[in-house]
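What follows is a single structure, written as structure tokens, with notes after it.
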Amino acid sequence: SSGINAEYGEEVPTGGDSFAEFPTYEDFLNSQITSMDLYYLEDEELARQLVELGYRGSGEVLKREEFEARKQLAEASRLSKRSQKKTLASAGKALEKYPFLKALAEREEANKTGKMTSIIFIRDKNSKGQEISGYIDVCAPTSNRGF
């Protein structure tokens with residue numbers, strides 16, 4: 001993401017919450033330094049110090065410890081999301097004797113990921129001989145509960 005340095009109308013990256021894009025704290029500080037800052041200050045280290053103190057830059061002011069803590073949290077969150085394995089409700093179920101459930105199981109992953117939608121039409125007669133019918137959207141139940 002980026003912002004505009006109001007003083008000079010120059011676009012400057014603000015970093016946002018994506019700390020993974022900055023390998024080091026210095027890179028994070030550098031992302032907030034404009035070419036105009038470097039032109040007038042003529043010293044990259046001084047420009048970093050001014051950003052760190054909150055006198056320059058257009059992004060959030062973070063001390064090194066805060067940056068490192070947020071970077072660790074972002075990395076932990078990324079690893080947690082990656083390691084969460086999506087288990088299908090039909091996994092490990094013996095459905096050979098149940099053709100209808102087997103057909104649903106074959107479509108489960110595609111329904112969960114949105115690659116397919118399945119609607120089941122049910123039609124039956126009640127004890128008075130009247131026809132009763134209805135529809136079931138398979139995508140909604142499989143995302144909330146299992147087989």
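The way I read the labels, and the way they are meant: chains A, B, ... in the order of the structure tokens, residue 1 as the first residue of every chain, and ligand 1 as the first ligand shown, with later ones counted on from there.
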Neighbouring residues of A:Ala110 were defined as those with any atom within 12 Å, considering only C-alpha atoms; residues of the same chain fewer than 3 positions away were excluded. Please report them as a PDB file with all heavy atoms, in the first residue's frame.
ATOM      1  N   LEU A  88     -12.455 -32.893   4.646  1.00  0.00           N
ATOM      2  CA  LEU A  88     -13.811 -33.062   4.139  1.00  0.00           C
ATOM      3  C   LEU A  88     -14.628 -33.887   5.127  1.00  0.00           C
ATOM      4  O   LEU A  88     -14.113 -34.807   5.758  1.00  0.00           O
ATOM      5  CB  LEU A  88     -13.777 -33.750   2.773  1.00  0.00           C
ATOM      6  CG  LEU A  88     -13.048 -32.989   1.662  1.00  0.00           C
ATOM      7  CD1 LEU A  88     -13.023 -33.834   0.390  1.00  0.00           C
ATOM      8  CD2 LEU A  88     -13.703 -31.655   1.397  1.00  0.00           C
ATOM      9  N   LEU A 104     -22.783 -37.419  -3.213  1.00  0.00           N
ATOM     10  CA  LEU A 104     -22.569 -36.158  -2.493  1.00  0.00           C
ATOM     11  C   LEU A 104     -21.096 -36.002  -2.097  1.00  0.00           C
ATOM     12  O   LEU A 104     -20.526 -34.912  -2.214  1.00  0.00           O
ATOM     13  CB  LEU A 104     -23.449 -36.089  -1.237  1.00  0.00           C
ATOM     14  CG  LEU A 104     -24.919 -35.788  -1.428  1.00  0.00           C
ATOM     15  CD1 LEU A 104     -25.645 -35.837  -0.087  1.00  0.00           C
ATOM     16  CD2 LEU A 104     -25.111 -34.435  -2.082  1.00  0.00           C
ATOM     17  N   ALA A 105     -20.498 -37.078  -1.624  1.00  0.00           N
ATOM     18  CA  ALA A 105     -19.093 -37.045  -1.207  1.00  0.00           C
ATOM     19  C   ALA A 105     -18.179 -36.694  -2.378  1.00  0.00           C
ATOM     20  O   ALA A 105     -17.204 -35.957  -2.219  1.00  0.00           O
ATOM     21  CB  ALA A 105     -18.690 -38.382  -0.597  1.00  0.00           C
ATOM     22  N   GLU A 106     -18.497 -37.208  -3.560  1.00  0.00           N
ATOM     23  CA  GLU A 106     -17.696 -36.923  -4.754  1.00  0.00           C
ATOM     24  C   GLU A 106     -17.738 -35.443  -5.124  1.00  0.00           C
ATOM     25  O   GLU A 106     -16.813 -34.915  -5.717  1.00  0.00           O
ATOM     26  CB  GLU A 106     -18.183 -37.768  -5.932  1.00  0.00           C
ATOM     27  CG  GLU A 106     -17.865 -39.240  -5.771  1.00  0.00           C
ATOM     28  CD  GLU A 106     -18.579 -40.114  -6.793  1.00  0.00           C
ATOM     29  OE1 GLU A 106     -19.389 -39.593  -7.614  1.00  0.00           O
ATOM     30  OE2 GLU A 106     -18.340 -41.330  -6.767  1.00  0.00           O
ATOM     31  N   ARG A 107     -18.808 -34.769  -4.754  1.00  0.00           N
ATOM     32  CA  ARG A 107     -18.984 -33.356  -5.090  1.00  0.00           C
ATOM     33  C   ARG A 107     -18.623 -32.422  -3.931  1.00  0.00           C
ATOM     34  O   ARG A 107     -18.622 -31.206  -4.092  1.00  0.00           O
ATOM     35  CB  ARG A 107     -20.441 -33.109  -5.489  1.00  0.00           C
ATOM     36  CG  ARG A 107     -20.849 -33.797  -6.762  1.00  0.00           C
ATOM     37  CD  ARG A 107     -22.378 -33.838  -6.888  1.00  0.00           C
ATOM     38  NE  ARG A 107     -22.824 -34.392  -8.160  1.00  0.00           N
ATOM     39  CZ  ARG A 107     -22.858 -35.683  -8.450  1.00  0.00           C
ATOM     40  NH1 ARG A 107     -22.469 -36.569  -7.564  1.00  0.00           N
ATOM     41  NH2 ARG A 107     -23.268 -36.095  -9.628  1.00  0.00           N
ATOM     42  N   THR A 113     -15.376 -25.398  -2.187  1.00  0.00           N
ATOM     43  CA  THR A 113     -14.475 -24.401  -2.763  1.00  0.00           C
ATOM     44  C   THR A 113     -15.188 -23.449  -3.720  1.00  0.00           C
ATOM     45  O   THR A 113     -14.585 -22.490  -4.188  1.00  0.00           O
ATOM     46  CB  THR A 113     -13.306 -25.075  -3.512  1.00  0.00           C
ATOM     47  OG1 THR A 113     -13.835 -25.899  -4.540  1.00  0.00           O
ATOM     48  CG2 THR A 113     -12.444 -25.877  -2.563  1.00  0.00           C
ATOM     49  N   GLY A 114     -16.440 -23.709  -4.018  1.00  0.00           N
ATOM     50  CA  GLY A 114     -17.200 -22.836  -4.901  1.00  0.00           C
ATOM     51  C   GLY A 114     -17.030 -23.155  -6.377  1.00  0.00           C
ATOM     52  O   GLY A 114     -17.506 -22.416  -7.234  1.00  0.00           O
ATOM     53  N   LYS A 115     -16.359 -24.249  -6.697  1.00  0.00           N
ATOM     54  CA  LYS A 115     -16.179 -24.634  -8.096  1.00  0.00           C
ATOM     55  C   LYS A 115     -17.456 -25.237  -8.671  1.00  0.00           C
ATOM     56  O   LYS A 115     -17.607 -25.328  -9.881  1.00  0.00           O
ATOM     57  CB  LYS A 115     -15.031 -25.641  -8.228  1.00  0.00           C
ATOM     58  CG  LYS A 115     -13.686 -25.037  -7.916  1.00  0.00           C
ATOM     59  CD  LYS A 115     -12.592 -26.063  -8.037  1.00  0.00           C
ATOM     60  CE  LYS A 115     -11.260 -25.452  -7.658  1.00  0.00           C
ATOM     61  NZ  LYS A 115     -10.188 -26.441  -7.628  1.00  0.00           N
ATOM     62  N   MET A 116     -18.334 -25.673  -7.776  1.00  0.00           N
ATOM     63  CA  MET A 116     -19.578 -26.311  -8.194  1.00  0.00           C
ATOM     64  C   MET A 116     -20.653 -25.963  -7.164  1.00  0.00           C
ATOM     65  O   MET A 116     -20.352 -25.728  -6.005  1.00  0.00           O
ATOM     66  CB  MET A 116     -19.378 -27.837  -8.222  1.00  0.00           C
ATOM     67  CG  MET A 116     -20.636 -28.621  -8.481  1.00  0.00           C
ATOM     68  SD  MET A 116     -20.418 -30.397  -8.211  1.00  0.00           S
ATOM     69  CE  MET A 116     -19.471 -30.847  -9.617  1.00  0.00           C
ATOM     70  N   THR A 117     -21.861 -25.915  -7.625  1.00  0.00           N
ATOM     71  CA  THR A 117     -22.989 -25.804  -6.706  1.00  0.00           C
ATOM     72  C   THR A 117     -23.923 -26.972  -6.985  1.00  0.00           C
ATOM     73  O   THR A 117     -24.103 -27.363  -8.136  1.00  0.00           O
ATOM     74  CB  THR A 117     -23.759 -24.477  -6.870  1.00  0.00           C
ATOM     75  OG1 THR A 117     -24.201 -24.365  -8.207  1.00  0.00           O
ATOM     76  CG2 THR A 117     -22.903 -23.290  -6.512  1.00  0.00           C
ATOM     77  N   SER A 118     -24.474 -27.530  -5.933  1.00  0.00           N
ATOM     78  CA  SER A 118     -25.380 -28.665  -6.080  1.00  0.00           C
ATOM     79  C   SER A 118     -26.678 -28.361  -5.347  1.00  0.00           C
ATOM     80  O   SER A 118     -26.656 -27.880  -4.219  1.00  0.00           O
ATOM     81  CB  SER A 118     -24.759 -29.938  -5.491  1.00  0.00           C
ATOM     82  OG  SER A 118     -23.587 -30.288  -6.189  1.00  0.00           O
ATOM     83  N   VAL A 138     -26.915 -27.791  -1.339  1.00  0.00           N
ATOM     84  CA  VAL A 138     -25.888 -28.615  -0.709  1.00  0.00           C
ATOM     85  C   VAL A 138     -24.720 -27.770  -0.204  1.00  0.00           C
ATOM     86  O   VAL A 138     -24.086 -28.109   0.777  1.00  0.00           O
ATOM     87  CB  VAL A 138     -25.389 -29.705  -1.686  1.00  0.00           C
ATOM     88  CG1 VAL A 138     -24.263 -30.523  -1.083  1.00  0.00           C
ATOM     89  CG2 VAL A 138     -26.533 -30.608  -2.080  1.00  0.00           C
ATOM     90  N   CYS A 139     -24.409 -26.668  -0.848  1.00  0.00           N
ATOM     91  CA  CYS A 139     -23.257 -25.845  -0.468  1.00  0.00           C
ATOM     92  C   CYS A 139     -23.386 -25.280   0.946  1.00  0.00           C
ATOM     93  O   CYS A 139     -22.414 -25.249   1.692  1.00  0.00           O
ATOM     94  CB  CYS A 139     -23.062 -24.693  -1.445  1.00  0.00           C
ATOM     95  SG  CYS A 139     -22.697 -25.264  -3.103  1.00  0.00           S
ATOM     96  N   THR A 142     -22.849 -28.160   3.878  1.00  0.00           N
ATOM     97  CA  THR A 142     -21.529 -28.791   3.961  1.00  0.00           C
ATOM     98  C   THR A 142     -20.468 -27.842   4.514  1.00  0.00           C
ATOM     99  O   THR A 142     -19.462 -28.278   5.014  1.00  0.00           O
ATOM    100  CB  THR A 142     -21.060 -29.331   2.605  1.00  0.00           C
ATOM    101  OG1 THR A 142     -21.040 -28.256   1.664  1.00  0.00           O
ATOM    102  CG2 THR A 142     -21.932 -30.458   2.127  1.00  0.00           C
ATOM    103  N   SER A 143     -20.714 -26.549   4.454  1.00  0.00           N
ATOM    104  CA  SER A 143     -19.733 -25.631   5.004  1.00  0.00           C
ATOM    105  C   SER A 143     -19.885 -25.480   6.505  1.00  0.00           C
ATOM    106  O   SER A 143     -18.988 -25.017   7.180  1.00  0.00           O
ATOM    107  CB  SER A 143     -19.848 -24.258   4.330  1.00  0.00           C
ATOM    108  OG  SER A 143     -21.109 -23.697   4.618  1.00  0.00           O
TER     109      SER A 143
END
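We find atom CA of A:Glu108 and atom CA of A:Ile122 to be spaced 18.8 Å apart.
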Determine which residues of stretch 65-144 of chain A receive a DSSP assignment of alpha helix (DSSP H), computed from the backbone, and state them as number ranges by chain.
-> A: 65-83, 99-113, 139-144
Expressed in Å, the length from atom CA of A:Lys102 to atom CA of A:Ile119 is 15.4 Å
List the spatial neighbours of A:Leu101 as a PDB file with N, CA and C atoms, in the first residue's frame - criterion: any atom at most 12 Å away, only C-alpha atoms, same-chain residues fewer than 2 positions off excluded.
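Heads up, here's the output in result_22.pdb:
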ATOM      1  N   ALA A  89     -15.883 -33.552   5.245  1.00  0.00           N
ATOM      2  CA  ALA A  89     -16.769 -34.273   6.161  1.00  0.00           C
ATOM      3  C   ALA A  89     -16.910 -35.735   5.750  1.00  0.00           C
ATOM      4  N   SER A  90     -16.770 -36.025   4.476  1.00  0.00           N
ATOM      5  CA  SER A  90     -16.944 -37.395   3.992  1.00  0.00           C
ATOM      6  C   SER A  90     -15.660 -38.219   4.084  1.00  0.00           C
ATOM      7  N   ALA A  91     -14.562 -37.602   4.454  1.00  0.00           N
ATOM      8  CA  ALA A  91     -13.274 -38.307   4.494  1.00  0.00           C
ATOM      9  C   ALA A  91     -13.333 -39.490   5.457  1.00  0.00           C
ATOM     10  N   LYS A  93     -15.183 -42.088   5.390  1.00  0.00           N
ATOM     11  CA  LYS A  93     -16.493 -42.727   5.551  1.00  0.00           C
ATOM     12  C   LYS A  93     -16.658 -43.824   4.486  1.00  0.00           C
ATOM     13  N   ALA A  94     -17.204 -44.945   4.897  1.00  0.00           N
ATOM     14  CA  ALA A  94     -17.482 -46.055   3.970  1.00  0.00           C
ATOM     15  C   ALA A  94     -18.861 -45.816   3.356  1.00  0.00           C
ATOM     16  N   LEU A  95     -18.873 -45.289   2.143  1.00  0.00           N
ATOM     17  CA  LEU A  95     -20.135 -44.906   1.514  1.00  0.00           C
ATOM     18  C   LEU A  95     -20.518 -45.794   0.325  1.00  0.00           C
ATOM     19  N   GLU A  96     -19.802 -46.904   0.133  1.00  0.00           N
ATOM     20  CA  GLU A  96     -20.054 -47.768  -1.022  1.00  0.00           C
ATOM     21  C   GLU A  96     -21.487 -48.286  -1.057  1.00  0.00           C
ATOM     22  N   LYS A  97     -22.078 -48.526   0.103  1.00  0.00           N
ATOM     23  CA  LYS A  97     -23.441 -49.070   0.167  1.00  0.00           C
ATOM     24  C   LYS A  97     -24.512 -47.990   0.011  1.00  0.00           C
ATOM     25  N   TYR A  98     -24.080 -46.738  -0.056  1.00  0.00           N
ATOM     26  CA  TYR A  98     -25.021 -45.613  -0.102  1.00  0.00           C
ATOM     27  C   TYR A  98     -24.715 -44.742  -1.322  1.00  0.00           C
ATOM     28  N   PRO A  99     -25.271 -45.087  -2.478  1.00  0.00           N
ATOM     29  CA  PRO A  99     -24.944 -44.362  -3.712  1.00  0.00           C
ATOM     30  C   PRO A  99     -25.224 -42.851  -3.646  1.00  0.00           C
ATOM     31  N   ALA A 103     -22.349 -40.047  -4.035  1.00  0.00           N
ATOM     32  CA  ALA A 103     -22.418 -38.976  -5.042  1.00  0.00           C
ATOM     33  C   ALA A 103     -22.207 -37.611  -4.394  1.00  0.00           C
ATOM     34  N   LEU A 104     -22.783 -37.419  -3.213  1.00  0.00           N
ATOM     35  CA  LEU A 104     -22.569 -36.158  -2.493  1.00  0.00           C
ATOM     36  C   LEU A 104     -21.096 -36.002  -2.097  1.00  0.00           C
ATOM     37  N   ALA A 105     -20.498 -37.078  -1.624  1.00  0.00           N
ATOM     38  CA  ALA A 105     -19.093 -37.045  -1.207  1.00  0.00           C
ATOM     39  C   ALA A 105     -18.179 -36.694  -2.378  1.00  0.00           C
ATOM     40  N   GLU A 106     -18.497 -37.208  -3.560  1.00  0.00           N
ATOM     41  CA  GLU A 106     -17.696 -36.923  -4.754  1.00  0.00           C
ATOM     42  C   GLU A 106     -17.738 -35.443  -5.124  1.00  0.00           C
ATOM     43  N   ARG A 107     -18.808 -34.769  -4.754  1.00  0.00           N
ATOM     44  CA  ARG A 107     -18.984 -33.356  -5.090  1.00  0.00           C
ATOM     45  C   ARG A 107     -18.623 -32.422  -3.931  1.00  0.00           C
ATOM     46  N   GLU A 108     -18.340 -32.983  -2.760  1.00  0.00           N
ATOM     47  CA  GLU A 108     -18.162 -32.162  -1.554  1.00  0.00           C
ATOM     48  C   GLU A 108     -17.072 -31.102  -1.699  1.00  0.00           C
ATOM     49  N   ILE A 120     -30.346 -30.288  -4.464  1.00  0.00           N
ATOM     50  CA  ILE A 120     -31.069 -31.566  -4.461  1.00  0.00           C
ATOM     51  C   ILE A 120     -32.567 -31.254  -4.440  1.00  0.00           C
ATOM     52  N   VAL A 138     -26.915 -27.791  -1.339  1.00  0.00           N
ATOM     53  CA  VAL A 138     -25.888 -28.615  -0.709  1.00  0.00           C
ATOM     54  C   VAL A 138     -24.720 -27.770  -0.204  1.00  0.00           C
ATOM     55  N   GLY A 146     -21.083 -31.630   9.167  1.00  0.00           N
ATOM     56  CA  GLY A 146     -20.595 -32.803   8.423  1.00  0.00           C
ATOM     57  C   GLY A 146     -21.693 -33.732   7.984  1.00  0.00           C
ATOM     58  N   PHE A 147     -21.281 -34.851   7.434  1.00  0.00           N
ATOM     59  CA  PHE A 147     -22.221 -35.860   6.972  1.00  0.00           C
ATOM     60  C   PHE A 147     -22.937 -36.497   8.134  1.00  0.00           C
TER      61      PHE A 147
END
Which residues come within 10 Å of stretch 43-52 of chain A, counting only C-alpha atoms, excluding same-chain residues fewer than 4 positions away, as an MDAnalysis selection string? chainID A and resid 25:34 37:39 56:64
All residues 12 Å or closer to stretch 69-73 of chain A, only C-alpha atoms, same chain fewer than 2 positions away omitted, as a ChimeraX atom specification: /A:15-25,28,62-67,75-80
DSSP on the backbone: what in stretch 63-140 of chain A comes out strand (DSSP E), as a PyMOL selection string? chain A and resi 119-125+131-137
